[in-house]
>>> print(open('entry_2.cif').read())   # mmCIF, C-alpha atoms and all ligand atoms
data_structure
loop_
_atom_site.label_atom_id
_atom_site.label_comp_id
_atom_site.auth_asym_id
_atom_site.auth_seq_id
_atom_site.Cartn_x
_atom_site.Cartn_y
_atom_site.Cartn_z
CA MET M 481 0.00 0.00 0.00
CA ARG M 482 1.26 3.46 -0.81
CA ASN M 483 0.13 4.48 2.68
CA SER M 484 -0.52 2.02 5.47
CA LEU M 485 -4.14 1.08 6.04
CA TYR M 486 -3.40 0.39 9.67
CA ASN M 487 -5.76 2.42 11.82
CA ALA M 488 -5.05 2.01 15.53
CA LYS M 489 -8.49 3.40 16.33
CA LEU M 490 -10.09 0.26 14.86
CA ASN M 491 -8.72 -1.64 17.88
CA TYR M 492 -11.32 0.15 19.99
CA LEU M 493 -14.13 -1.61 18.13
CA GLN M 494 -15.11 -4.64 20.20
CA TYR M 495 -18.43 -6.48 20.35
CA GLY M 496 -17.92 -9.54 22.54
CA ILE M 497 -21.66 -10.37 22.49
CA ARG M 498 -21.18 -11.74 18.99
CA GLU M 499 -17.45 -12.52 19.07
CA ILE M 500 -18.12 -15.58 21.27
CA VAL M 501 -20.34 -16.95 18.50
CA LEU M 502 -17.20 -17.21 16.34
CA ILE M 503 -15.77 -19.55 19.00
CA ALA M 504 -19.00 -21.57 18.86
CA ASP M 505 -18.64 -21.78 15.05
CA GLN M 506 -15.11 -23.14 15.48
CA ILE M 507 -16.40 -25.77 17.93
CA LYS M 508 -19.13 -26.77 15.49
CA GLN M 509 -16.55 -27.28 12.73
CA ARG M 510 -14.74 -29.76 14.98
CA GLU M 511 -17.89 -31.39 16.38
CA PRO M 512 -20.85 -31.23 13.94
CA ALA M 513 -23.34 -32.43 16.61
CA PHE M 514 -22.50 -29.43 18.83
CA ALA M 515 -25.70 -27.51 19.70
CA MET M 516 -25.48 -23.93 20.90
CA ILE M 517 -27.87 -22.48 23.51
CA PRO M 518 -27.71 -18.73 22.78
CA GLU M 519 -28.05 -16.82 26.06
CA ASN M 520 -25.83 -14.05 24.73
CA ILE M 521 -27.70 -12.04 22.09
CA GLY M 522 -30.58 -9.67 22.90
CA ASP M 523 -32.63 -10.77 19.91
CA PRO M 524 -36.12 -11.73 21.09
CA ILE M 525 -36.92 -13.31 17.72
CA ILE M 526 -34.25 -16.02 17.92
CA LYS M 527 -35.64 -16.87 21.38
CA GLY M 528 -39.13 -17.48 19.99
CA TRP M 529 -40.82 -14.12 20.63
CA THR M 530 -43.15 -13.14 17.85
CA THR M 531 -43.79 -9.80 16.22
CA PRO M 532 -47.56 -9.19 16.62
CA GLN M 533 -49.80 -10.32 13.78
CA TYR M 534 -51.08 -6.76 13.20
CA VAL M 535 -47.53 -5.60 12.44
CA LYS M 536 -47.09 -8.40 9.90
CA ASP M 537 -50.49 -7.63 8.34
CA LEU M 538 -49.72 -3.90 8.12
CA LEU M 539 -46.34 -4.59 6.55
CA CYS M 540 -47.83 -6.97 3.95
CA ASP M 541 -50.55 -4.45 3.20
CA ILE M 542 -48.24 -1.49 2.58
CA ALA M 543 -45.72 -3.60 0.67
CA ARG M 544 -48.45 -4.88 -1.68
CA ASN M 545 -50.54 -1.78 -2.07
CA LYS M 546 -48.36 1.31 -1.64
CA ASP M 547 -45.61 1.78 -4.19
CA VAL M 548 -44.28 4.78 -2.27
CA VAL M 549 -42.97 2.54 0.55
CA TRP M 550 -40.35 1.10 -1.81
CA GLY M 551 -38.69 4.48 -2.31
CA TYR M 552 -36.33 6.70 -0.32
CA VAL M 553 -37.68 8.85 2.49
CA HIS M 554 -36.51 12.27 3.69
CA SER M 555 -32.87 12.04 4.83
CA ARG M 556 -33.86 12.70 8.45
CA GLY M 557 -36.79 10.30 8.26
CA LEU M 558 -40.30 10.18 6.90
CA GLU M 559 -42.18 13.28 7.96
CA ARG M 560 -45.18 11.30 9.30
CA ALA M 561 -42.87 9.05 11.34
CA ARG M 562 -40.99 12.02 12.81
CA GLU M 563 -44.33 13.61 13.63
CA TRP M 564 -45.31 10.49 15.57
CA VAL M 565 -41.95 10.40 17.40
CA ALA M 566 -42.30 14.08 18.34
CA GLN M 567 -45.83 13.42 19.66
CA ASP M 568 -44.61 10.40 21.62
CA ALA M 569 -41.72 12.42 23.11
CA ASN M 570 -44.25 15.06 24.12
CA ARG M 571 -46.37 12.32 25.72
CA CYS M 572 -43.36 11.15 27.76
CA TYR M 573 -42.74 14.74 28.86
CA PRO M 574 -45.53 17.16 27.97
CA LYS M 575 -43.26 20.20 28.12
CA ALA M 576 -40.78 18.71 25.60
CA HIS M 577 -42.39 20.57 22.67
CA LEU M 578 -40.37 18.58 20.13
CA THR M 579 -41.06 19.09 16.44
CA ILE M 580 -40.14 16.99 13.44
CA ASP M 581 -36.96 19.06 13.08
CA ASP M 582 -35.66 17.63 16.36
CA ILE M 583 -35.81 14.01 15.16
CA VAL M 584 -33.39 11.99 13.03
CA PHE M 585 -34.01 8.39 11.97
CA ALA M 586 -31.11 5.96 11.49
CA ASN M 587 -30.62 2.36 10.39
CA GLY M 588 -31.19 0.94 13.85
CA LEU M 589 -30.17 2.54 17.11
CA GLY M 590 -26.72 1.01 16.61
CA ALA M 591 -26.24 3.27 13.59
CA ALA M 592 -27.68 6.27 15.47
CA ILE M 593 -25.10 5.73 18.23
CA GLY M 594 -22.27 5.71 15.68
CA LEU M 595 -23.67 8.77 13.94
CA THR M 596 -23.71 10.70 17.20
CA TYR M 597 -20.25 9.89 18.56
CA VAL M 598 -18.52 10.30 15.22
CA ALA M 599 -20.00 13.80 14.86
CA LEU M 600 -18.49 14.91 18.20
CA PRO M 601 -15.10 16.64 18.25
CA GLU M 602 -12.40 14.28 19.56
CA LYS M 603 -11.96 16.29 22.72
CA ALA M 604 -15.64 16.20 23.70
CA ARG M 605 -15.84 12.86 25.49
CA VAL M 606 -18.99 11.09 26.68
CA ILE M 607 -18.54 9.17 29.93
CA GLN M 608 -19.92 5.61 29.76
CA PRO M 609 -21.52 3.45 32.43
CA SER M 610 -19.47 0.44 33.47
CA PRO M 611 -20.45 -2.26 32.69
CA SER M 612 -21.12 -0.65 29.29
CA TYR M 613 -23.11 -1.66 26.23
CA PRO M 614 -20.18 -2.17 23.81
CA THR M 615 -21.67 -0.29 20.85
CA HIS M 616 -21.66 2.90 22.94
CA ALA M 617 -18.30 2.38 24.65
CA SER M 618 -16.47 1.15 21.54
CA LEU M 619 -17.82 3.77 19.17
CA GLU M 620 -17.17 6.58 21.63
CA ALA M 621 -13.57 5.37 22.06
CA PHE M 622 -13.20 4.95 18.30
CA ALA M 623 -14.50 8.47 17.62
CA SER M 624 -12.22 10.09 20.18
CA GLY M 625 -9.22 7.86 19.49
CA LYS M 626 -8.78 7.15 23.21
CA GLU M 627 -9.82 4.48 25.73
CA SER M 628 -13.37 4.82 26.96
CA ILE M 629 -13.89 6.69 30.25
CA SER M 630 -16.49 5.17 32.55
CA TYR M 631 -18.36 5.50 35.83
CA ASN M 632 -19.06 2.48 38.00
CA CYS M 633 -22.42 0.87 38.53
CA ASP M 634 -22.43 -1.08 41.77
CA PRO M 635 -23.49 -4.76 41.82
CA LYS M 636 -23.71 -4.65 45.64
CA HIS M 637 -26.42 -1.96 45.34
CA GLY M 638 -28.60 -3.30 42.55
CA TRP M 639 -26.21 -1.92 39.90
CA GLU M 640 -27.08 1.66 40.91
CA ILE M 641 -24.91 4.42 39.48
CA ASP M 642 -21.99 5.26 41.80
CA LEU M 643 -22.57 9.02 41.80
CA ASP M 644 -19.39 9.81 43.74
CA HIS M 645 -17.34 7.91 41.18
CA LEU M 646 -19.19 9.67 38.36
CA GLU M 647 -18.38 13.07 39.83
CA SER M 648 -14.75 12.22 40.49
CA GLN M 649 -14.34 11.01 36.89
CA ILE M 650 -15.91 14.23 35.58
CA ARG M 651 -13.57 16.28 37.75
CA ASN M 652 -10.49 14.28 36.73
CA HIS M 653 -11.22 14.27 32.98
CA PRO M 654 -11.84 17.79 31.70
CA ASP M 655 -12.60 16.36 28.23
CA ILE M 656 -15.84 14.86 29.52
CA THR M 657 -18.63 16.88 27.92
CA GLY M 658 -21.52 14.41 28.05
CA ILE M 659 -22.90 11.67 30.31
CA LEU M 660 -24.44 8.51 28.87
CA VAL M 661 -27.28 6.92 30.86
CA VAL M 662 -28.73 3.64 29.55
CA ASN M 663 -32.07 3.17 31.31
CA PRO M 664 -33.31 0.43 31.55
CA ASN M 665 -29.79 -0.81 31.40
CA ASN M 666 -28.05 -3.29 29.18
CA PRO M 667 -26.21 -5.37 30.48
CA THR M 668 -27.44 -5.08 34.10
CA GLY M 669 -31.25 -4.91 33.79
CA ALA M 670 -31.28 -1.99 36.27
CA VAL M 671 -34.04 0.64 36.16
CA TYR M 672 -32.87 3.81 37.90
CA ALA M 673 -34.70 5.59 40.68
CA ARG M 674 -35.84 9.15 39.96
CA GLU M 675 -33.48 10.47 42.69
CA THR M 676 -30.49 8.86 40.96
CA LEU M 677 -31.40 10.50 37.67
CA GLU M 678 -31.90 13.83 39.47
CA ARG M 679 -28.35 13.59 40.83
CA VAL M 680 -27.00 12.87 37.32
CA VAL M 681 -28.80 15.97 36.05
CA ASP M 682 -27.33 17.99 38.97
CA LEU M 683 -23.85 16.93 37.84
CA ALA M 684 -24.62 17.86 34.23
CA LEU M 685 -25.72 21.30 35.43
CA LYS M 686 -22.76 21.74 37.75
CA TYR M 687 -20.16 20.87 35.09
CA ASN M 688 -22.01 22.23 32.04
CA LEU M 689 -22.46 18.86 30.30
CA PHE M 690 -25.06 17.37 27.98
CA ILE M 691 -26.83 14.08 28.68
CA LEU M 692 -27.32 11.19 26.28
CA ALA M 693 -30.17 8.90 27.36
CA ASP M 694 -30.51 5.53 25.62
CA GLU M 695 -34.10 4.52 26.38
CA ILE M 696 -34.55 1.74 23.83
CA TYR M 697 -35.90 -0.56 26.59
CA TYR M 698 -38.18 1.96 28.31
CA ARG M 699 -41.37 -0.02 27.77
CA LEU M 700 -39.80 -3.24 29.08
CA VAL M 701 -40.07 -2.62 32.84
CA TYR M 702 -41.49 -4.96 35.51
CA ASN M 703 -41.11 -6.08 39.15
CA GLY M 704 -43.19 -3.04 40.11
CA LYS M 705 -40.54 -0.58 38.89
CA VAL M 706 -41.33 2.68 37.11
CA HIS M 707 -39.26 4.10 34.29
CA HIS M 708 -38.56 7.84 34.53
CA HIS M 709 -37.89 9.57 31.24
CA MET M 710 -34.69 11.60 31.27
CA SER M 711 -36.53 14.36 29.36
CA ALA M 712 -38.90 14.77 32.34
CA VAL M 713 -36.10 14.70 34.91
CA VAL M 714 -34.02 17.20 32.93
CA ASP M 715 -37.12 19.39 32.66
CA GLY M 716 -35.65 21.72 30.06
CA ARG M 717 -32.48 22.49 32.03
CA VAL M 718 -29.79 20.52 30.18
CA PRO M 719 -29.08 19.77 26.48
CA LEU M 720 -30.32 16.23 25.99
CA ILE M 721 -30.18 13.52 23.34
CA VAL M 722 -32.71 10.70 23.70
CA MET M 723 -32.34 7.50 21.67
CA ARG M 724 -35.06 4.96 21.02
CA GLY M 725 -36.05 2.33 18.47
CA ILE M 726 -38.36 -0.56 17.64
CA SER M 727 -35.98 -3.52 17.92
CA LYS M 728 -36.86 -4.63 21.43
CA ASP M 729 -40.45 -3.94 22.42
CA ILE M 730 -42.33 -4.55 19.16
CA PRO M 731 -39.98 -6.57 18.71
CA TRP M 732 -38.56 -5.98 15.24
CA PRO M 733 -34.75 -6.00 15.45
CA GLY M 734 -34.46 -6.79 11.75
CA SER M 735 -36.20 -3.52 10.87
CA ARG M 736 -32.95 -1.61 11.56
CA CYS M 737 -34.96 1.35 12.67
CA GLY M 738 -34.01 3.68 15.52
CA TRP M 739 -34.01 7.42 16.07
CA ILE M 740 -32.39 10.34 17.86
CA GLU M 741 -34.36 13.12 19.59
CA PHE M 742 -32.59 16.42 20.26
CA HIS M 743 -34.12 18.12 23.32
CA ASN M 744 -33.48 21.65 24.57
CA THR M 745 -31.43 22.79 21.57
CA LYS M 746 -32.63 26.36 22.18
CA ARG M 747 -30.79 26.44 25.50
CA ASN M 748 -27.36 26.09 23.95
CA ALA M 749 -26.11 27.27 20.54
CA ASP M 750 -23.18 24.85 20.56
CA PHE M 751 -25.52 21.91 21.13
CA ALA M 752 -27.91 23.19 18.44
CA ALA M 753 -25.02 23.37 15.93
CA PHE M 754 -24.03 19.81 16.84
CA ALA M 755 -27.61 18.63 16.18
CA GLU M 756 -27.52 20.33 12.77
CA GLY M 757 -24.25 18.52 12.01
CA VAL M 758 -25.80 15.13 12.75
CA LYS M 759 -28.76 15.96 10.49
CA LYS M 760 -26.36 16.99 7.71
CA ARG M 761 -24.50 13.72 8.04
CA MET M 762 -27.79 11.84 7.39
CA LEU M 763 -28.21 13.93 4.24
CA LEU M 764 -24.99 12.33 2.97
CA GLU M 765 -26.35 8.88 3.79
CA VAL M 766 -29.52 9.68 1.80
CA GLY M 767 -31.66 8.32 4.64
CA ALA M 768 -32.55 5.29 6.76
CA THR M 769 -34.57 2.18 5.87
CA SER M 770 -37.95 3.40 4.74
CA MET M 771 -40.46 0.56 5.16
CA PRO M 772 -40.54 0.41 8.99
CA GLN M 773 -40.81 4.21 9.12
CA HIS M 774 -44.04 4.01 7.13
CA LEU M 775 -45.42 1.78 9.91
CA ILE M 776 -44.18 3.77 12.93
CA PRO M 777 -47.41 5.73 13.45
CA TYR M 778 -49.39 2.46 13.66
CA LEU M 779 -47.13 0.22 15.76
CA TYR M 780 -47.51 1.49 19.32
CA ASP M 781 -50.96 3.06 19.07
CA HIS M 782 -52.59 -0.14 17.79
CA PRO M 783 -55.28 -1.49 20.19
CA ASP M 784 -53.46 -4.86 20.46
CA PHE M 785 -50.10 -3.40 21.47
CA GLN M 786 -50.66 -2.96 25.22
CA ALA M 787 -51.81 -6.56 25.80
CA HIS M 788 -48.82 -7.81 23.81
CA LEU M 789 -46.46 -5.64 25.88
CA ASP M 790 -48.04 -6.65 29.21
CA ALA M 791 -47.70 -10.35 28.37
CA ASN M 792 -44.05 -9.91 27.42
CA ASN M 793 -43.25 -7.93 30.57
CA GLN M 794 -44.92 -10.60 32.68
CA LYS M 795 -42.76 -13.25 31.01
CA LEU M 796 -39.61 -11.17 31.60
CA GLU M 797 -40.52 -10.74 35.25
CA GLU M 798 -41.03 -14.51 35.72
CA ASN M 799 -37.78 -15.31 33.92
CA SER M 800 -35.86 -12.67 35.86
CA ARG M 801 -36.99 -14.22 39.17
CA THR M 802 -36.35 -17.80 38.09
CA ILE M 803 -32.89 -17.12 36.70
CA ALA M 804 -31.82 -14.89 39.60
CA GLY M 805 -33.11 -17.53 42.04
CA ILE M 806 -31.00 -20.25 40.42
CA LEU M 807 -27.86 -18.13 40.05
CA ASN M 808 -28.08 -16.71 43.57
CA SER M 809 -28.20 -20.23 44.95
CA ILE M 810 -24.56 -20.61 43.85
CA ARG M 811 -22.32 -19.56 46.74
CA GLU M 812 -19.63 -17.95 44.57
CA VAL M 813 -22.02 -15.87 42.44
CA THR M 814 -24.02 -12.69 43.14
CA CYS M 815 -26.78 -11.64 40.88
CA ASN M 816 -29.40 -8.87 40.88
CA PRO M 817 -32.70 -9.78 39.26
CA SER M 818 -33.36 -7.52 36.29
CA ASN M 819 -36.16 -4.95 36.60
CA GLY M 820 -36.09 -3.87 32.98
CA ALA M 821 -34.78 -4.89 29.55
CA PHE M 822 -33.93 -8.59 29.25
CA TYR M 823 -30.48 -9.15 30.72
CA ILE M 824 -28.98 -10.27 34.00
CA THR M 825 -25.32 -9.76 34.80
CA SER M 826 -23.88 -11.96 37.54
CA VAL M 827 -20.54 -11.46 39.22
CA PHE M 828 -18.19 -13.98 40.77
CA GLU M 829 -17.01 -13.28 44.29
CA PRO M 830 -13.48 -11.82 44.25
CA GLY M 831 -10.74 -14.45 43.90
CA VAL M 832 -13.07 -17.29 42.90
CA LEU M 833 -11.80 -17.60 39.32
CA HIS M 834 -8.22 -18.43 38.41
CA ASP M 835 -6.44 -19.54 35.27
CA GLN M 836 -6.18 -23.26 36.05
CA GLN M 837 -9.90 -24.08 36.20
CA THR M 838 -11.45 -26.28 33.54
CA LEU M 839 -14.52 -28.26 32.55
CA PRO M 840 -14.39 -31.66 30.82
CA ILE M 841 -14.52 -31.50 27.00
CA GLU M 842 -15.01 -34.94 25.45
CA ASN M 843 -14.07 -34.16 21.85
CA ALA M 844 -10.25 -34.03 21.67
CA ALA M 845 -10.13 -31.54 18.78
CA VAL M 846 -12.50 -29.17 20.60
CA ARG M 847 -10.51 -29.55 23.81
CA THR M 848 -7.25 -28.69 22.03
CA PHE M 849 -8.90 -25.67 20.38
CA ILE M 850 -10.29 -24.32 23.68
CA GLU M 851 -7.00 -24.94 25.48
CA GLN M 852 -5.23 -22.90 22.80
CA GLU M 853 -7.79 -20.10 22.96
CA VAL M 854 -7.61 -19.71 26.74
CA GLN M 855 -3.83 -19.52 26.61
CA LYS M 856 -3.87 -16.43 24.43
CA PRO M 857 -2.20 -13.52 26.20
CA GLY M 858 -4.41 -11.24 28.23
CA ILE M 859 -7.52 -13.43 28.16
CA ALA M 860 -9.86 -12.35 30.96
CA LEU M 861 -10.75 -14.92 33.63
CA ASP M 862 -14.46 -14.63 32.87
CA LYS M 863 -13.85 -15.14 29.14
CA ARG M 864 -11.85 -18.27 29.98
CA PHE M 865 -14.83 -19.50 32.02
CA ALA M 866 -17.25 -18.65 29.19
CA TYR M 867 -15.20 -20.67 26.66
CA TYR M 868 -15.11 -23.78 28.86
CA LEU M 869 -18.81 -23.40 29.60
CA LEU M 870 -19.57 -23.15 25.90
CA ALA M 871 -17.56 -26.24 24.97
CA ASN M 872 -18.92 -28.27 27.90
CA THR M 873 -22.63 -27.34 27.76
CA GLY M 874 -23.31 -25.39 24.55
CA ILE M 875 -24.51 -22.43 26.67
CA VAL M 876 -23.32 -19.11 25.25
CA VAL M 877 -22.95 -16.33 27.81
CA THR M 878 -21.19 -12.99 27.36
CA PRO M 879 -18.28 -12.43 29.76
CA ALA M 880 -18.65 -9.26 31.87
CA SER M 881 -15.19 -8.18 30.67
CA ASP M 882 -16.70 -7.78 27.19
CA PHE M 883 -18.83 -4.99 28.72
CA PHE M 884 -15.65 -3.27 29.95
CA SER M 885 -16.63 -4.32 33.47
CA PRO M 886 -14.27 -4.11 36.44
CA TYR M 887 -16.17 -7.12 37.85
CA VAL M 888 -15.54 -10.69 36.77
CA GLY M 889 -18.81 -12.27 35.70
CA PHE M 890 -21.15 -12.89 32.79
CA ARG M 891 -24.36 -11.63 31.20
CA VAL M 892 -27.28 -13.81 30.17
CA THR M 893 -30.54 -12.93 28.45
CA THR M 894 -33.92 -13.60 30.09
CA LEU M 895 -35.76 -14.24 26.84
CA ASP M 896 -36.59 -17.95 26.92
CA ARG M 897 -40.34 -18.56 26.38
CA ASP M 898 -40.37 -22.16 27.59
CA PRO M 899 -40.19 -22.42 31.43
CA GLU M 900 -39.04 -26.05 31.37
CA LYS M 901 -36.26 -25.33 28.88
CA LEU M 902 -35.23 -22.29 30.91
CA LYS M 903 -34.96 -24.31 34.12
CA LEU M 904 -33.00 -26.99 32.30
CA THR M 905 -30.55 -24.46 30.80
CA TYR M 906 -29.98 -22.64 34.09
CA GLY M 907 -29.76 -25.89 36.07
CA LYS M 908 -27.02 -26.93 33.64
CA LEU M 909 -25.32 -23.55 33.98
CA LYS M 910 -25.38 -23.80 37.76
CA ALA M 911 -23.86 -27.31 37.72
CA ALA M 912 -21.18 -26.15 35.26
CA ILE M 913 -20.26 -23.12 37.42
CA GLN M 914 -19.96 -25.30 40.51
CA ALA M 915 -17.83 -27.86 38.66
CA TYR M 916 -15.60 -25.15 37.13
CA VAL M 917 -15.04 -23.39 40.45
CA ALA M 918 -14.27 -26.67 42.21
CA SER M 919 -11.90 -27.96 39.46
C1 LIG B 1001 -28.76 -0.26 25.04
C2 LIG B 1001 -28.87 -0.54 23.57
N1 LIG B 1001 -28.85 0.47 22.71
C3 LIG B 1001 -28.93 0.27 21.39
C4 LIG B 1001 -29.06 -1.00 20.87
C5 LIG B 1001 -29.12 -1.17 19.38
O1 LIG B 1001 -30.40 -1.46 18.94
P1 LIG B 1001 -30.77 -1.57 17.41
O2 LIG B 1001 -31.25 -2.96 17.19
O3 LIG B 1001 -31.86 -0.58 17.17
O4 LIG B 1001 -29.55 -1.25 16.62
C6 LIG B 1001 -29.10 -2.10 21.73
C7 LIG B 1001 -29.20 -3.48 21.21
O5 LIG B 1001 -29.04 -4.46 21.87
C8 LIG B 1001 -29.00 -1.87 23.12
O6 LIG B 1001 -29.02 -2.87 24.01
#
>>> encode(input="entry_2.cif", output="C-alpha cells", more="lines below")
Ligand SMILES: Cc1ncc(COP(=O)(O)O)c(C=O)c1O
Amino acid sequence: MRNSLYNAKLNYLQYGIREIVLIADQIKQREPAFAMIPENIGDPIIKGWTTPQYVKDLLCDIARNKDVVWGYVHSRGLERAREWVAQDANRCYPKAHLTIDDIVFANGLGAAIGLTYVALPEKARVIQPSPSYPTHASLEAFASGKESISYNCDPKHGWEIDLDHLESQIRNHPDITGILVVNPNNPTGAVYARETLERVVDLALKYNLFILADEIYYRLVYNGKVHHHMSAVVDGRVPLIVMRGISKDIPWPGSRCGWIEFHNTKRNADFAAFAEGVKKRMLLEVGATSMPQHLIPYLYDHPDFQAHLDANNQKLEENSRTIAGILNSIREVTCNPSNGAFYITSVFEPGVLHDQQTLPIENAAVRTFIEQEVQKPGIALDKRFAYYLLANTGIVVTPASDFFSPYVGFRVTTLDRDPEKLKLTYGKLKAAIQAYVAS
C-alpha cells in the first residue's frame, strides 16, 4: 500500500456479544453435533418471541398496495414518522415541545449511536456506564481515538450508578462533555430511581455537560418498577439527546430502525449546531430504511399493542426471578434480578476464578482448540470460564469483561419462552459453574 491502512483506532471496536459466537462456530466445525444455547444475544426473535400479527399484516398491506414505501424517504426520516416520534416524546414529557426538526431516523439505534459519537469533536468525550453496552463504549472510544472513560455501577447496590465515582471522573477528565445513561440498562437490567437521575442531572448542570439517554428498553419494565424519562427529569435544564427504536419492544430487530431526539437545543447554541451537524451527516447517507418508518405511526398506538407488551413484561418478570433464584443459589455468584430490559449480569465473588480451572470437554479436537484459545495472552478470567462453559454445555454467555466491566462475571438474556427449557438451561449452567469453580 502506498500508505498504510493500519488504523489504531479500529482496535477500539469490540463487540464480545457476537465474538463468542465465532468460537461456537469453530467448535461446530470440529464437532458437527454441537448444539449452541444462545443466552448471549438480545434478539427476542431467535428466542421465539413473535412480532404481533397486526404488524405483519400492516407490513404486507403497505408492501403490496403502496408503491411509495419502496422508495427513499426524507434524509432525516419520513415526515409522518418524525411527527409520531415528536408526539410520543411530548407524551413522555408534555413540556418537551419537540417538532419533526428535532428528530433523526437511522438504520437501527446502533447506527444512530455511531452517527452521534462520530460527529463529536475528539476532545468532547462522553462518559460511559461500566459495565457498558459495547456499541456505545467502543464507538465513543473509536471516535475520540482514546480508551473509553467510565463510571461504575455497583453490583452490591442493585447496579445503581456510583454518583461519587461519576463526579470524580468528571472532575479528573476535563474532556468529559456528556454523560451517557442507559435506562433500563443493558447489560445489568437496572431501572434507575428518579433520585439517581436527578443527581445525574445535577452533575450535568454543575459541570455544564449534555446528557445522552438511551431509552430503547423503556417499555420493558417490571417487578413493580417505574421508568422515569430523562426528558422529564431534565425538565428543560440541560441539552439532551434521547435515543429509542423498535428492535426490542415490538420486537422488530431486523427492521434496523431507531431514532435520535434532540431536546433543549434552544438552551445552547453549541448543542444546536451539533444537532444540525448530525442531520447533515444523514443527508450524505440519503436516509434510513424506509419501510418500517411508514409503519411507525401504527405500531404502538394499535389497540393490540398494550396486551402484547403486558404479556411480554410478565414473562420477563417470571424469567428474571427464576434465573436470579437459580444463580443466587450458587455460593460464589451474586446476581441482581433484572427490573427492565432482558439481561442479568452476575458477578463472581473476588478471587473465585483463576487460570487453572477447567470443565471436561469430550471431543479431543474441541478440547485442544479451547486450550489454545484460553492460553492467548491477556484473556480475561471470565472469558476463559465462558469458553469452557460453551464447549462443555453449549450455553453461550457474554463475559462481563466484554462490557468493559471491572467485575468478573457474565451476562445472560432472560428471553426464553419455555419455562421447562429455561430451568433446564440454568440448572445446567449452575452445575457447570460449581464444577468449574471446584476444578
Ligand atoms: C442499550 C442498547 N442500545 C442500542 C441498541 C441497538 O439497537 P438496534 O437494534 O436498534 O440497533 C441495543 C441493542 O441491543 C442496546 O441494548
>>> residues_near_ligand(input="entry_2.cif", ligand="ligand LIG 1001 (chain B)", cutoff="7 Å", atoms="only C-alpha atoms and all ligand atoms", output="MDAnalysis selection string")
chainID M and resid 522 588:591 613 662 665:666 694 696 725:727 733 736:738
>>> write_last_selection(input="entry_2.cif", atoms="C-alpha atoms", output="PDB file, in the coordinates of the input")
ATOM      1  CA  GLY M 522     -30.580  -9.670  22.900  1.00  0.00           C
ATOM      2  CA  GLY M 588     -31.190   0.940  13.850  1.00  0.00           C
ATOM      3  CA  LEU M 589     -30.170   2.540  17.110  1.00  0.00           C
ATOM      4  CA  GLY M 590     -26.720   1.010  16.610  1.00  0.00           C
ATOM      5  CA  ALA M 591     -26.240   3.270  13.590  1.00  0.00           C
ATOM      6  CA  TYR M 613     -23.110  -1.660  26.230  1.00  0.00           C
ATOM      7  CA  VAL M 662     -28.730   3.640  29.550  1.00  0.00           C
ATOM      8  CA  ASN M 665     -29.790  -0.810  31.400  1.00  0.00           C
ATOM      9  CA  ASN M 666     -28.050  -3.290  29.180  1.00  0.00           C
ATOM     10  CA  ASP M 694     -30.510   5.530  25.620  1.00  0.00           C
ATOM     11  CA  ILE M 696     -34.550   1.740  23.830  1.00  0.00           C
ATOM     12  CA  GLY M 725     -36.050   2.330  18.470  1.00  0.00           C
ATOM     13  CA  ILE M 726     -38.360  -0.560  17.640  1.00  0.00           C
ATOM     14  CA  SER M 727     -35.980  -3.520  17.920  1.00  0.00           C
ATOM     15  CA  PRO M 733     -34.750  -6.000  15.450  1.00  0.00           C
ATOM     16  CA  ARG M 736     -32.950  -1.610  11.560  1.00  0.00           C
ATOM     17  CA  CYS M 737     -34.960   1.350  12.670  1.00  0.00           C
ATOM     18  CA  GLY M 738     -34.010   3.680  15.520  1.00  0.00           C
TER      19      GLY M 738
END
>>> atom_distance(input="entry_2.cif", atom1="CA of Gly669 in chain M", atom2="CA of Val701 in chain M")
9.2 Å
>>> closest_residue(input="entry_2.cif", among="M:Phe622, M:Tyr780, M:Tyr672, M:Phe754", to="Val535 in chain M", atoms="all atoms listed in the file")
M:Tyr780
>>> residues_around(input="entry_2.cif", residues="range 502-513 of chain M", least_positions_apart="2", cutoff="8 Å", atoms="only C-alpha atoms", output="list in words")
Arg498, Glu499, Ile500, Ala515, Met516, Asn843, Ala845, Val846, Phe849, Tyr867, Leu870 and Ala871 of chain M
>>> atom_distance(input="entry_2.cif", atom1="CA of Asp568 in chain M", atom2="CA of Pro772 in chain M")
16.6 Å
>>> closest_atom_pairs(input="entry_2.cif", of="range 562-595 of chain M", to="range 758-769 of chain M", cutoff="12 Å", atoms="only C-alpha atoms", output="tab-separated table")
residue	atom	partner	partner_atom	distance
M:Ile580	CA	M:Lys759	CA	11.8
M:Asp581	CA	M:Lys759	CA	9.1
M:Asp582	CA	M:Lys759	CA	9.2
M:Ile583	CA	M:Lys759	CA	8.7
M:Val584	CA	M:Lys759	CA	6.6
M:Phe585	CA	M:Ala768	CA	6.2
M:Ala586	CA	M:Ala768	CA	5.0
M:Asn587	CA	M:Ala768	CA	5.0
M:Gly588	CA	M:Ala768	CA	8.4
M:Leu589	CA	M:Ala768	CA	11.0
M:Ala591	CA	M:Ala768	CA	9.5
M:Ala592	CA	M:Val758	CA	9.5
M:Ile593	CA	M:Val758	CA	10.9
M:Gly594	CA	M:Val758	CA	10.5
M:Leu595	CA	M:Val758	CA	6.8
>>> residues_around(input="entry_2.cif", residues="Leu538 in chain M", least_positions_apart="3", cutoff="10 Å", atoms="all atoms listed in the file", output="PyMOL selection string")
chain M and resi 533-535+541-544+774-775+778-779
>>> residues_around(input="entry_2.cif", residues="range 631-637 of chain M", least_positions_apart="5", cutoff="7 Å", atoms="all atoms listed in the file", output="JSON, numbers by chain")
{"M": [607, 608, 609, 610, 611, 642, 645, 646, 649]}
>>> closest_residue(input="entry_2.cif", among="M:Asp835, M:Asp781, M:Asp715, M:Glu647", to="Ala684 in chain M", atoms="only C-alpha atoms")
M:Glu647
>>> atom_distance(input="entry_2.cif", atom1="CA of Tyr697 in chain M", atom2="CA of Ala821 in chain M")
5.4 Å
